[in-house]
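What's in protein.txt: compact mmCIF, C-alpha atoms and all ligand atoms
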# COMPACT_ATOMS: atom_id res chain seq x y z
CA MET G 1 -16.65 -12.82 50.89
CA LEU G 2 -16.16 -9.17 50.06
CA LEU G 3 -13.36 -10.10 47.68
CA LEU G 4 -15.49 -12.77 46.01
CA ARG G 5 -18.33 -10.32 45.47
CA GLU G 6 -16.02 -7.74 43.91
CA GLN G 7 -14.32 -10.19 41.60
CA PRO G 8 -17.11 -10.89 39.09
CA LEU G 9 -17.50 -7.20 38.32
CA HIS G 10 -13.82 -7.03 37.45
CA ILE G 11 -13.90 -10.21 35.36
CA MET G 12 -16.91 -8.99 33.39
CA SER G 13 -15.03 -6.09 31.78
CA LYS G 14 -13.08 -8.06 29.22
CA ILE G 15 -10.07 -6.48 27.57
CA LEU G 16 -10.51 -6.22 23.81
CA ALA G 17 -8.20 -4.77 21.15
CA LYS G 18 -9.54 -1.72 19.42
CA ILE G 19 -8.22 0.20 16.46
CA THR G 20 -7.43 3.70 17.73
CA GLY G 21 -6.03 5.11 14.50
CA VAL G 22 -5.46 4.24 10.85
CA GLN G 23 -3.12 5.70 8.27
CA GLY G 24 -2.92 4.73 4.61
CA TYR G 25 -0.28 5.37 2.01
CA VAL G 26 -0.22 5.10 -1.76
CA PRO G 27 2.66 6.21 -3.98
CA GLU G 28 2.16 9.31 -6.12
CA HIS G 29 2.75 7.70 -9.51
CA VAL G 30 -0.57 6.76 -11.19
CA VAL G 31 -0.78 4.07 -13.89
CA THR G 32 -4.07 4.30 -15.79
CA ASN G 33 -5.71 1.65 -17.95
CA GLN G 34 -4.72 3.80 -20.92
CA ASP G 35 -1.08 3.55 -19.83
CA LEU G 36 -1.40 -0.26 -19.75
CA GLU G 37 -2.94 -0.25 -23.25
CA LYS G 38 0.47 0.90 -24.46
CA MET G 39 2.24 -2.00 -22.72
CA VAL G 40 0.03 -5.06 -23.31
CA ASP G 41 -2.84 -6.14 -25.58
CA THR G 42 -5.69 -4.84 -23.42
CA ASN G 43 -8.15 -1.98 -23.26
CA ASP G 44 -9.84 0.25 -20.73
CA GLU G 45 -13.28 -1.22 -21.46
CA TRP G 46 -12.10 -4.80 -20.75
CA ILE G 47 -10.28 -3.86 -17.56
CA GLN G 48 -13.14 -1.78 -16.15
CA SER G 49 -15.89 -4.24 -17.03
CA ARG G 50 -13.94 -7.37 -15.92
CA THR G 51 -12.27 -5.94 -12.78
CA GLY G 52 -13.69 -2.50 -11.89
CA ILE G 53 -10.21 -0.95 -11.92
CA LYS G 54 -9.51 2.43 -13.54
CA GLU G 55 -6.04 3.13 -12.22
CA ARG G 56 -3.48 1.95 -9.68
CA ARG G 57 -0.41 3.43 -7.95
CA ILE G 58 3.17 2.31 -8.48
CA LEU G 59 6.15 3.06 -6.25
CA LYS G 60 8.91 4.60 -8.35
CA GLY G 61 12.33 5.82 -7.31
CA GLU G 62 15.82 4.49 -6.95
CA GLY G 63 16.30 2.39 -3.80
CA LEU G 64 12.66 2.62 -2.67
CA ALA G 65 10.93 -0.53 -1.39
CA THR G 66 8.01 -1.82 0.66
CA SER G 67 9.54 -0.62 3.96
CA ASP G 68 9.61 2.97 2.67
CA MET G 69 5.85 2.90 2.15
CA GLY G 70 5.48 1.19 5.55
CA ALA G 71 7.60 3.82 7.29
CA GLU G 72 5.46 6.61 5.78
CA MET G 73 2.28 4.94 7.06
CA VAL G 74 3.70 4.35 10.51
CA LYS G 75 5.13 7.85 10.92
CA GLY G 76 1.76 9.28 9.88
CA LEU G 77 -0.05 6.95 12.29
CA LEU G 78 2.17 7.92 15.24
CA LYS G 79 1.64 11.62 14.52
CA LYS G 80 -2.10 11.24 14.09
CA THR G 81 -2.54 9.28 17.32
CA ASN G 82 -0.10 11.40 19.36
CA THR G 83 1.98 8.32 20.05
CA ARG G 84 5.72 8.46 20.69
CA PRO G 85 7.76 5.86 18.74
CA GLU G 86 9.20 4.43 21.98
CA GLU G 87 5.68 3.55 23.23
CA ILE G 88 5.20 0.94 20.46
CA GLU G 89 5.87 -2.58 21.79
CA LEU G 90 5.13 -4.74 18.73
CA LEU G 91 4.86 -4.14 14.98
CA ILE G 92 3.49 -6.84 12.69
CA CYS G 93 3.90 -6.40 8.95
CA ALA G 94 1.66 -8.36 6.57
CA THR G 95 3.24 -8.50 3.14
CA ILE G 96 4.39 -10.86 0.39
CA THR G 97 6.74 -8.29 -1.08
CA GLY G 98 9.16 -7.66 1.76
CA ASP G 99 12.32 -5.69 0.98
CA MET G 100 14.38 -8.90 1.08
CA VAL G 101 13.74 -12.64 1.55
CA PHE G 102 15.26 -12.03 4.98
CA PRO G 103 15.42 -10.18 7.30
CA ASP G 104 11.78 -9.30 7.75
CA THR G 105 10.37 -5.94 6.73
CA ALA G 106 8.67 -5.23 10.08
CA ASN G 107 12.00 -4.44 11.69
CA THR G 108 13.17 -2.33 8.76
CA ILE G 109 9.96 -0.30 9.06
CA CYS G 110 10.61 0.15 12.80
CA ASP G 111 14.15 1.30 12.04
CA LYS G 112 13.01 3.81 9.40
CA ALA G 113 10.14 5.10 11.60
CA GLY G 114 12.35 5.49 14.69
CA ILE G 115 10.65 2.72 16.70
CA ARG G 116 13.33 1.35 19.03
CA ASN G 117 11.54 -0.51 21.85
CA ALA G 118 9.42 -2.92 19.81
CA PHE G 119 9.86 -6.40 18.48
CA GLY G 120 8.35 -7.25 15.14
CA TYR G 121 7.90 -9.81 12.44
CA ASP G 122 6.25 -10.37 9.05
CA ILE G 123 3.18 -12.41 8.23
CA ASN G 124 2.97 -14.00 4.79
CA ALA G 125 -0.70 -14.67 4.09
CA ALA G 126 -1.01 -12.77 0.78
CA CYS G 127 -4.34 -10.95 0.45
CA SER G 128 -5.51 -12.24 3.86
CA GLY G 129 -2.34 -10.93 5.53
CA PHE G 130 -4.00 -7.95 7.22
CA LEU G 131 -6.69 -10.21 8.73
CA TYR G 132 -4.09 -12.64 10.07
CA GLY G 133 -1.98 -9.75 11.39
CA LEU G 134 -4.93 -8.00 13.04
CA ILE G 135 -5.99 -11.14 14.90
CA THR G 136 -2.42 -11.91 15.98
CA GLY G 137 -1.93 -8.37 17.27
CA ALA G 138 -5.32 -8.44 19.02
CA LYS G 139 -4.28 -11.53 20.98
CA PHE G 140 -1.21 -9.73 22.38
CA ILE G 141 -3.53 -6.92 23.55
CA GLU G 142 -6.25 -9.24 24.92
CA SER G 143 -3.71 -11.23 26.93
CA GLY G 144 -2.71 -8.03 28.72
CA THR G 145 0.98 -8.32 27.82
CA HIS G 146 1.05 -5.48 25.25
CA LYS G 147 -0.66 -2.08 25.15
CA LYS G 148 0.40 -0.49 21.86
CA VAL G 149 0.67 -2.69 18.78
CA ILE G 150 0.89 -1.61 15.13
CA ILE G 151 -0.39 -3.79 12.29
CA VAL G 152 0.85 -2.85 8.83
CA GLY G 153 -0.71 -4.37 5.69
CA LEU G 154 0.93 -3.41 2.42
CA ASP G 155 2.47 -4.64 -0.78
CA MET G 156 4.66 -3.41 -3.59
CA MET G 157 3.11 -5.67 -6.21
CA SER G 158 4.90 -3.80 -9.02
CA SER G 159 8.12 -5.51 -7.87
CA ILE G 160 6.75 -8.98 -8.73
CA LEU G 161 4.62 -8.22 -11.81
CA ASP G 162 5.40 -9.12 -15.39
CA TYR G 163 4.36 -6.03 -17.33
CA SER G 164 4.10 -8.10 -20.49
CA ASP G 165 1.45 -10.42 -18.95
CA ARG G 166 -1.99 -8.85 -19.45
CA THR G 167 -3.69 -11.34 -17.14
CA THR G 168 -1.86 -10.10 -14.03
CA CYS G 169 -0.31 -6.66 -14.57
CA ILE G 170 -3.67 -4.93 -14.96
CA ILE G 171 -4.96 -6.09 -11.58
CA PHE G 172 -2.38 -5.14 -8.99
CA GLY G 173 -1.03 -1.92 -7.47
CA ASP G 174 1.20 -0.70 -4.63
CA GLY G 175 0.16 0.68 -1.24
CA GLY G 176 -1.54 -0.19 2.03
CA GLY G 177 -2.10 1.06 5.55
CA ALA G 178 -1.31 0.73 9.24
CA VAL G 179 -3.51 0.60 12.33
CA LEU G 180 -2.75 1.15 16.01
CA LEU G 181 -4.27 -1.40 18.40
CA GLU G 182 -4.82 -0.56 22.07
CA PRO G 183 -6.72 -2.22 24.92
CA THR G 184 -10.25 -1.17 25.70
CA GLU G 185 -12.94 -2.24 28.14
CA ASP G 186 -15.73 -0.25 26.48
CA GLY G 187 -16.98 -3.21 24.43
CA THR G 188 -15.68 -1.96 21.07
CA GLY G 189 -12.77 -3.55 19.18
CA VAL G 190 -12.16 -6.96 17.65
CA GLN G 191 -15.09 -9.21 18.57
CA ASP G 192 -14.66 -12.49 16.70
CA GLN G 193 -13.16 -14.14 13.63
CA ILE G 194 -13.19 -17.14 11.35
CA LEU G 195 -9.86 -17.59 9.59
CA LYS G 196 -9.00 -20.45 7.25
CA SER G 197 -6.21 -21.78 5.08
CA ASP G 198 -5.81 -24.60 2.57
CA GLY G 199 -2.31 -25.20 1.22
CA SER G 200 -3.61 -27.32 -1.64
CA GLY G 201 -4.59 -24.03 -3.29
CA ARG G 202 -0.95 -23.02 -3.75
CA ASP G 203 -0.85 -24.22 -7.37
CA PHE G 204 -3.32 -21.58 -8.49
CA LEU G 205 -1.67 -18.43 -7.10
CA HIS G 206 2.05 -18.19 -6.38
CA MET G 207 5.51 -17.10 -7.42
CA LYS G 208 7.28 -20.13 -8.83
CA ALA G 209 10.94 -19.38 -8.06
CA GLY G 210 13.06 -17.55 -5.54
CA GLY G 211 12.29 -19.78 -2.55
CA SER G 212 13.98 -23.00 -1.38
CA LEU G 213 11.97 -25.11 -3.85
CA HIS G 214 13.36 -23.30 -6.87
CA PRO G 215 16.22 -21.02 -5.84
CA PRO G 216 16.96 -18.23 -8.28
CA THR G 217 19.06 -19.15 -11.31
CA ALA G 218 19.64 -17.59 -14.72
CA GLU G 219 17.09 -20.11 -15.99
CA THR G 220 14.34 -19.14 -13.51
CA VAL G 221 14.85 -15.51 -14.47
CA ALA G 222 14.77 -16.30 -18.21
CA ASN G 223 11.58 -18.33 -17.67
CA LYS G 224 9.94 -15.38 -15.85
CA GLU G 225 9.41 -17.43 -12.70
CA HIS G 226 9.89 -14.51 -10.31
CA TYR G 227 6.52 -12.98 -11.13
CA VAL G 228 2.96 -13.50 -9.87
CA PHE G 229 1.36 -16.56 -11.42
CA GLN G 230 -2.42 -16.88 -11.18
CA GLU G 231 -5.13 -19.09 -12.61
CA GLY G 232 -7.67 -16.29 -12.46
CA ARG G 233 -10.91 -18.18 -13.00
CA THR G 234 -10.14 -20.82 -10.36
CA VAL G 235 -9.10 -18.20 -7.81
CA PHE G 236 -12.22 -16.17 -8.61
CA LYS G 237 -14.56 -19.06 -7.74
CA HIS G 238 -12.72 -19.94 -4.52
CA ALA G 239 -12.58 -16.26 -3.51
CA VAL G 240 -16.35 -15.79 -3.75
CA LYS G 241 -17.07 -19.02 -1.91
CA GLY G 242 -14.43 -18.45 0.80
CA MET G 243 -15.40 -14.89 1.64
CA ALA G 244 -19.17 -15.43 1.42
CA SER G 245 -19.13 -18.57 3.58
CA THR G 246 -17.00 -17.06 6.36
CA VAL G 247 -19.08 -13.85 6.36
CA GLN G 248 -22.27 -15.90 6.70
CA ASP G 249 -20.85 -18.29 9.30
CA LEU G 250 -19.45 -15.48 11.43
CA MET G 251 -22.74 -13.57 11.32
CA LYS G 252 -24.61 -16.71 12.34
CA LYS G 253 -22.14 -17.43 15.15
CA ASN G 254 -22.64 -13.90 16.51
CA LYS G 255 -26.42 -13.84 15.88
CA LEU G 256 -26.08 -10.91 13.48
CA THR G 257 -28.33 -10.04 10.56
CA VAL G 258 -27.46 -7.86 7.57
CA ASP G 259 -29.44 -5.05 9.24
CA ASP G 260 -27.12 -5.22 12.27
CA ILE G 261 -23.96 -4.72 10.19
CA ASP G 262 -22.99 -1.17 9.24
CA TRP G 263 -20.14 -1.95 6.83
CA LEU G 264 -18.88 -4.92 4.88
CA ILE G 265 -15.24 -4.36 3.87
CA PRO G 266 -14.12 -6.96 1.33
CA HIS G 267 -10.66 -7.48 -0.12
CA GLN G 268 -10.43 -5.41 -3.31
CA ALA G 269 -9.46 -7.99 -5.96
CA ASN G 270 -12.23 -7.65 -8.52
CA ILE G 271 -15.52 -5.71 -8.45
CA ARG G 272 -17.31 -8.80 -9.77
CA ILE G 273 -16.00 -10.83 -6.80
CA ILE G 274 -17.07 -8.06 -4.40
CA LYS G 275 -20.58 -7.88 -5.89
CA SER G 276 -20.93 -11.67 -5.88
CA VAL G 277 -19.97 -11.86 -2.19
CA ALA G 278 -22.35 -9.01 -1.32
CA SER G 279 -25.16 -10.67 -3.26
CA ALA G 280 -24.53 -14.13 -1.74
CA CYS G 281 -24.74 -12.57 1.74
CA ASP G 282 -27.70 -10.27 0.86
CA PHE G 283 -25.73 -7.08 1.53
CA PRO G 284 -26.91 -3.93 -0.27
CA MET G 285 -23.94 -2.30 -2.05
CA GLU G 286 -24.49 0.92 0.02
CA LYS G 287 -23.00 -0.98 2.97
CA VAL G 288 -20.09 -2.38 0.99
CA VAL G 289 -16.81 -0.46 0.95
CA VAL G 290 -15.27 -0.24 -2.54
CA ASN G 291 -12.23 1.73 -3.71
CA ILE G 292 -10.79 -0.77 -6.21
CA GLU G 293 -11.27 1.70 -9.09
CA LYS G 294 -8.50 3.93 -7.68
CA TYR G 295 -5.91 1.50 -6.35
CA GLY G 296 -6.50 -1.95 -7.90
CA ASN G 297 -5.51 -4.95 -5.82
CA THR G 298 -2.79 -4.02 -3.32
CA THR G 299 -2.83 -7.56 -1.80
CA ALA G 300 -2.30 -7.14 2.00
CA GLY G 301 -2.92 -3.42 1.57
CA THR G 302 -6.55 -3.34 0.44
CA LEU G 303 -8.31 -3.67 3.82
CA PRO G 304 -6.32 -1.00 5.72
CA LEU G 305 -6.61 1.29 2.68
CA CYS G 306 -10.39 0.92 2.89
CA LEU G 307 -10.37 1.57 6.65
CA TRP G 308 -8.28 4.70 6.08
CA GLU G 309 -10.56 6.11 3.40
CA TRP G 310 -13.79 5.31 5.24
CA GLU G 311 -12.52 6.38 8.70
CA PRO G 312 -14.40 9.73 8.60
CA LYS G 313 -17.66 7.88 7.92
CA PHE G 314 -17.32 5.35 10.76
CA LYS G 315 -19.09 6.04 14.06
CA LYS G 316 -18.14 4.61 17.44
CA GLY G 317 -19.88 1.26 17.83
CA ASP G 318 -20.35 0.67 14.07
CA LYS G 319 -20.37 -3.06 13.38
CA ILE G 320 -17.88 -3.91 10.64
CA LEU G 321 -16.99 -7.13 8.84
CA LEU G 322 -13.58 -7.37 7.17
CA THR G 323 -13.22 -10.25 4.72
CA ALA G 324 -10.46 -11.42 2.38
CA PHE G 325 -9.24 -14.27 0.22
CA GLY G 326 -5.78 -14.81 -1.20
CA GLY G 327 -2.81 -16.96 -2.08
CA GLY G 328 -2.20 -19.98 0.10
CA PHE G 329 -5.13 -20.34 -0.10
CA THR G 330 -5.88 -18.14 2.90
CA TRP G 331 -9.21 -16.51 3.73
CA GLY G 332 -11.56 -15.43 6.47
CA THR G 333 -13.66 -12.74 8.11
CA ILE G 334 -13.20 -10.59 11.20
CA TYR G 335 -16.04 -8.91 13.10
CA LEU G 336 -15.18 -5.70 14.93
CA LYS G 337 -16.93 -2.76 16.52
CA TRP G 338 -15.39 0.56 15.52
CA GLY G 339 -13.83 2.32 18.50
CA TYR G 340 -14.10 6.07 17.92
CA ASP G 341 -15.76 8.99 16.13
CA THR G 342 -13.57 11.07 13.88
CA THR G 343 -13.70 14.77 14.62
CA ALA G 344 -12.83 16.91 11.61
O1 LIG B 401 -6.23 -11.04 -4.68
C1 LIG B 401 -5.90 -12.37 -4.65
C2 LIG B 401 -6.93 -13.20 -5.27
N1 LIG B 401 -7.08 -12.89 -6.66
C3 LIG B 401 -8.28 -12.76 -7.17
O2 LIG B 401 -9.24 -12.80 -6.45
C4 LIG B 401 -8.41 -12.59 -8.65
C5 LIG B 401 -9.41 -13.56 -9.21
N2 LIG B 401 -9.54 -13.56 -10.63
C6 LIG B 401 -9.97 -12.51 -11.36
O3 LIG B 401 -10.20 -11.44 -10.86
C7 LIG B 401 -10.25 -12.72 -12.82
O4 LIG B 401 -10.21 -14.11 -13.09
C8 LIG B 401 -9.27 -11.98 -13.78
C9 LIG B 401 -9.49 -10.48 -13.69
C10 LIG B 401 -7.84 -12.31 -13.42
C11 LIG B 401 -9.54 -12.40 -15.21
O5 LIG B 401 -10.88 -12.16 -15.55
P1 LIG B 401 -11.77 -13.31 -16.18
O6 LIG B 401 -13.09 -12.71 -16.44
O7 LIG B 401 -11.73 -14.48 -15.26
O8 LIG B 401 -11.03 -13.59 -17.54
P2 LIG B 401 -10.54 -14.98 -18.11
O9 LIG B 401 -9.27 -15.37 -17.45
O10 LIG B 401 -11.68 -15.95 -18.10
O11 LIG B 401 -10.24 -14.58 -19.62
C12 LIG B 401 -11.28 -14.22 -20.54
C13 LIG B 401 -10.66 -13.73 -21.82
C14 LIG B 401 -9.52 -14.62 -22.32
O12 LIG B 401 -9.56 -14.63 -23.71
P3 LIG B 401 -10.21 -15.87 -24.50
O13 LIG B 401 -9.43 -17.07 -24.10
O14 LIG B 401 -11.65 -15.93 -24.06
O15 LIG B 401 -10.04 -15.49 -25.94
C15 LIG B 401 -8.27 -13.89 -21.88
O16 LIG B 401 -7.15 -14.16 -22.69
O17 LIG B 401 -10.08 -12.44 -21.59
C16 LIG B 401 -8.71 -12.45 -22.03
N3 LIG B 401 -7.95 -11.52 -21.20
C17 LIG B 401 -7.84 -10.22 -21.49
N4 LIG B 401 -8.32 -9.47 -22.51
C18 LIG B 401 -8.02 -8.15 -22.49
C19 LIG B 401 -7.30 -11.78 -20.05
N5 LIG B 401 -6.74 -10.65 -19.57
C20 LIG B 401 -7.07 -9.67 -20.46
C21 LIG B 401 -6.78 -8.29 -20.51
N6 LIG B 401 -7.28 -7.58 -21.52
N7 LIG B 401 -6.05 -7.67 -19.55

What would the structure in this file look like if it were written as structure tokens?
Ligand code: UT7
Amino acid sequence: MLLLREQPLHIMSKILAKITGVQGYVPEHVVTNQDLEKMVDTNDEWIQSRTGIKERRILKGEGLATSDMGAEMVKGLLKKTNTRPEEIELLICATITGDMVFPDTANTICDKAGIRNAFGYDINAACSGFLYGLITGAKFIESGTHKKVIIVGLDMMSSILDYSDRTTCIIFGDGGGAVLLEPTEDGTGVQDQILKSDGSGRDFLHMKAGGSLHPPTAETVANKEHYVFQEGRTVFKHAVKGMASTVQDLMKKNKLTVDDIDWLIPHQANIRIIKSVASACDFPMEKVVVNIEKYGNTTAGTLPLCLWEWEPKFKKGDKILLTAFGGGFTWGTIYLKWGYDTTA
């Protein structure tokens, strides 16, 4: 009987996965709207009013790739959280611009960051990649099998952009961030999620060639089929609907009102999309995290970049919604309670 009485207390303290550190990285090289005016028929006024972007970062340098940005983030994260590389058990990398088609970039990042005891793999969910990665990592923590998991979300979009196509090259940039996930029983951490996908959306946002459907040939290169293709207006409409509906559904499911939520962190694809989602969900813009003007759309990198920049403002227990929409189509929203206060 004694055992039975003790058991419920133990069961009540559920293990959740909390973010215990975040580190962003953007390359030094800045490409302004004025720089793009010299490359394509566009102008600063159009870009700012239609997207909200002023500048973006581009990774430059012989032999540098996505894993080099990832390794910088991870090394910074380990230092910041006083974690030894050998303590990391799993590293998940969300990206659509891995160093190579195979092997995955997660393991290259581990190699470059000196992580030797972990297994790792990539997640390809485009702009929703960080959400998918965060939930996957959280499950390893919640199950009790893993105690230190890193989720990296980043992209080197400059490697798949056609800098003569004004409809795509003005939007995207390079960069991202990494978070450390650890178990907690203090009630903070990842609380709930609604994640979705619909493969019928693939026609509107993709890279045509380079995969098994259209392996690379001289013709695919000549036809510029190794670049981002997007039907912007169609994606725009789906993005607003997908993010707004999952934000609203998740809030309803968790009996949350706008007043309860401290921060809404949307994928940074277009300021007009962000404002439309905020308006559809009745969020005042003061609660909405926006840094698109500085970095553009870094695909899987936008959400961790926002977390990194806003980290000093977050307080332990803050209720945060992360939402994204991207190629696939993939989309969804995660609800988490921030796990720590930042001391300067
Ligand atoms: O992150 C993954 C998900 N992606 C997204 O969420 C992106 C969603 N889409 C968008 O953000 C927007 O659709 C874009 C920023 C891509 C485009 O903005 P838009 O307001 O939807 O423009 P549009 O495609 O309707 O084009 C309007 C006009 C067109 O000219 P006409 O046909 O009206 O004469 C375009 O040719 O703007 C023209 N245009 C440009 N003009 C100057 C398109 N790109 C440019 C440009 N500079 N860079």

Residues within 7 Å of ligand LIG 401 (chain B), counting only C-alpha atoms and all ligand atoms: report them as a PyMOL selection string. chain G and resi 41-43+46-47+50-51+127+166-168+170-171+232-233+235-236+239+269-270+297+299+325-327

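Closest approach to Phe130 in chain G among G:Ala300, G:Ile53, G:Glu311, G:Ile292: G:Ala300, based on only C-alpha atoms.
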
Excluding Met156 in chain G and any residue of its chain fewer than 6 positions from it, enumerate the residues within 6 Å of it, using all atoms listed in the file, and give them as a PyMOL selection string. chain G and resi 66+97+174

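Among the candidate residues G:Cys306, G:Met39, G:Ala138, G:Met100, the one lying nearest to Ile150 in chain G is G:Ala138, with distances computed using all atoms listed in the file.
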
Each residue of range 120-159 of chain G with at least one atom at most 10 Å from range 14-21 of chain G should appear once, together with its nearest atom pair and the corresponding distance in Å (one decimal); atoms considered: only C-alpha atoms; ordering: chain, then increasing residue number; output as JSON lines.
{"residue": "G:Leu134", "atom": "CA", "partner": "G:Ala17", "partner_atom": "CA", "distance": 9.3}
{"residue": "G:Ile135", "atom": "CA", "partner": "G:Ala17", "partner_atom": "CA", "distance": 9.2}
{"residue": "G:Gly137", "atom": "CA", "partner": "G:Ala17", "partner_atom": "CA", "distance": 8.2}
{"residue": "G:Ala138", "atom": "CA", "partner": "G:Ala17", "partner_atom": "CA", "distance": 5.1}
{"residue": "G:Lys139", "atom": "CA", "partner": "G:Ala17", "partner_atom": "CA", "distance": 7.8}
{"residue": "G:Phe140", "atom": "CA", "partner": "G:Ala17", "partner_atom": "CA", "distance": 8.7}
{"residue": "G:Ile141", "atom": "CA", "partner": "G:Ala17", "partner_atom": "CA", "distance": 5.7}
{"residue": "G:Glu142", "atom": "CA", "partner": "G:Leu16", "partner_atom": "CA", "distance": 5.3}
{"residue": "G:Ser143", "atom": "CA", "partner": "G:Ile15", "partner_atom": "CA", "distance": 8.0}
{"residue": "G:Gly144", "atom": "CA", "partner": "G:Ile15", "partner_atom": "CA", "distance": 7.6}
{"residue": "G:Lys147", "atom": "CA", "partner": "G:Ala17", "partner_atom": "CA", "distance": 8.9}
{"residue": "G:Lys148", "atom": "CA", "partner": "G:Ala17", "partner_atom": "CA", "distance": 9.6}
{"residue": "G:Val149", "atom": "CA", "partner": "G:Ala17", "partner_atom": "CA", "distance": 9.4}
{"residue": "G:Ile150", "atom": "CA", "partner": "G:Ile19", "partner_atom": "CA", "distance": 9.4}
{"residue": "G:Ile151", "atom": "CA", "partner": "G:Ile19", "partner_atom": "CA", "distance": 9.7}

Show me, as JSON lines, the residues of range 40-159 of chain G having an atom within 9 Å of range 192-209 of chain G, each with the closest atom pair and its distance in Å, using all atoms listed in the file.
{"residue": "G:Ser128", "atom": "CA", "partner": "G:Leu195", "partner_atom": "CA", "distance": 9.0}
{"residue": "G:Leu131", "atom": "CA", "partner": "G:Leu195", "partner_atom": "CA", "distance": 8.1}
{"residue": "G:Tyr132", "atom": "CA", "partner": "G:Leu195", "partner_atom": "CA", "distance": 7.6}
{"residue": "G:Ile135", "atom": "CA", "partner": "G:Gln193", "partner_atom": "CA", "distance": 7.9}

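Minimum distance to Gln268 in chain G across G:Leu64, G:Leu305, G:Ala222, G:Met251 (counting all atoms listed in the file) occurs at G:Leu305.
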
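Shortest atom-to-atom contact with Met73 in chain G among G:Leu91, G:Ala106, G:Ile334, G:Val152: G:Val152, counting all atoms listed in the file.
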
Around the point (4.8, 3.8, 13.9) in the file's coordinates, collect all residues with an atom within 7 Å, using all atoms listed in the file, and return them as an NGL selection string. :G and (74-75 or 77-78 or 85 or 110 or 113 or 115 or 150)

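Counting all atoms listed in the file and comparing G:Gly317, G:Gly210, G:Gly98, G:Gly129, the residue that lies closest to Val190 in chain G is G:Gly317.
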
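If you look at CA of Leu256 in chain G and CA of Glu309 in chain G, they are 25.1 Å away from each other.
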
Please provide the set of residues having any atom within 8 Å of Val40 in chain G, restricted to all atoms listed in the file, with same-chain residues fewer than 2 positions apart removed, written as a PDB file with C-alpha atoms, in the coordinates of the input.
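So result-v2.pdb came out as:
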ATOM      1  CA  LEU G  36      -1.400  -0.260 -19.750  1.00  0.00           C
ATOM      2  CA  GLU G  37      -2.940  -0.250 -23.250  1.00  0.00           C
ATOM      3  CA  LYS G  38       0.470   0.900 -24.460  1.00  0.00           C
ATOM      4  CA  THR G  42      -5.690  -4.840 -23.420  1.00  0.00           C
ATOM      5  CA  TYR G 163       4.360  -6.030 -17.330  1.00  0.00           C
ATOM      6  CA  SER G 164       4.100  -8.100 -20.490  1.00  0.00           C
ATOM      7  CA  ASP G 165       1.450 -10.420 -18.950  1.00  0.00           C
ATOM      8  CA  ARG G 166      -1.990  -8.850 -19.450  1.00  0.00           C
TER       9      ARG G 166
END

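The coordinates place CA of Met157 in chain G at 12.3 Å from CA of Met69 in chain G.
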
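CA of Val179 in chain G is found 13.7 Å from CA of Glu89 in chain G.
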
Would you mind telling me which residue in G:Thr257, G:Thr220, G:Ser67, G:Gln191 lies nearest to Pro103 in chain G when using all atoms listed in the file? G:Ser67

What's the 12 Å shell around Phe102 in chain G, counting only C-alpha atoms, without same-chain residues fewer than 6 positions away, as a list in words? Ile96, Thr108, Tyr121, Asp122 and Gly211 of chain G

Find the spatial neighbours of Ala280 in chain G, counting all atoms listed in the file, within a cut-off of 10 Å - ignore same-chain residues fewer than 3 positions away - and output them as a ChimeraX atom specification. /G:240-241,243-245,247-248,274-277,283

N, CA, C and O atoms are what I want for range 233-240 of chain G; can you complete it accordingly and write them as an mmCIF file, in the coordinates of the input?
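What ended up in part-v5.cif:
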data_model
loop_
_atom_site.group_PDB
_atom_site.id
_atom_site.type_symbol
_atom_site.label_atom_id
_atom_site.label_comp_id
_atom_site.auth_asym_id
_atom_site.auth_seq_id
_atom_site.Cartn_x
_atom_site.Cartn_y
_atom_site.Cartn_z
ATOM 1 N N ARG G 233 -9.528 -17.686 -13.141
ATOM 2 C CA ARG G 233 -10.910 -18.180 -13.000
ATOM 3 C C ARG G 233 -11.076 -19.069 -11.771
ATOM 4 O O ARG G 233 -12.093 -19.002 -11.081
ATOM 5 N N THR G 234 -10.072 -19.924 -11.526
ATOM 6 C CA THR G 234 -10.140 -20.820 -10.360
ATOM 7 C C THR G 234 -10.119 -20.016 -9.067
ATOM 8 O O THR G 234 -10.928 -20.244 -8.153
ATOM 9 N N VAL G 235 -9.201 -19.031 -9.023
ATOM 10 C CA VAL G 235 -9.100 -18.200 -7.810
ATOM 11 C C VAL G 235 -10.402 -17.428 -7.602
ATOM 12 O O VAL G 235 -10.887 -17.308 -6.471
ATOM 13 N N PHE G 236 -10.960 -16.932 -8.669
ATOM 14 C CA PHE G 236 -12.220 -16.170 -8.610
ATOM 15 C C PHE G 236 -13.298 -16.978 -7.890
ATOM 16 O O PHE G 236 -13.937 -16.504 -6.941
ATOM 17 N N LYS G 237 -13.483 -18.224 -8.322
ATOM 18 C CA LYS G 237 -14.560 -19.060 -7.740
ATOM 19 C C LYS G 237 -14.304 -19.325 -6.249
ATOM 20 O O LYS G 237 -15.214 -19.211 -5.432
ATOM 21 N N HIS G 238 -13.051 -19.674 -5.928
ATOM 22 C CA HIS G 238 -12.720 -19.940 -4.520
ATOM 23 C C HIS G 238 -12.872 -18.676 -3.673
ATOM 24 O O HIS G 238 -13.266 -18.752 -2.505
ATOM 25 N N ALA G 239 -12.517 -17.525 -4.261
ATOM 26 C CA ALA G 239 -12.580 -16.260 -3.510
ATOM 27 C C ALA G 239 -14.027 -15.950 -3.109
ATOM 28 O O ALA G 239 -14.301 -15.599 -1.959
ATOM 29 N N VAL G 240 -14.943 -16.086 -4.050
ATOM 30 C CA VAL G 240 -16.350 -15.790 -3.750
ATOM 31 C C VAL G 240 -16.859 -16.735 -2.661
ATOM 32 O O VAL G 240 -17.440 -16.306 -1.660
#
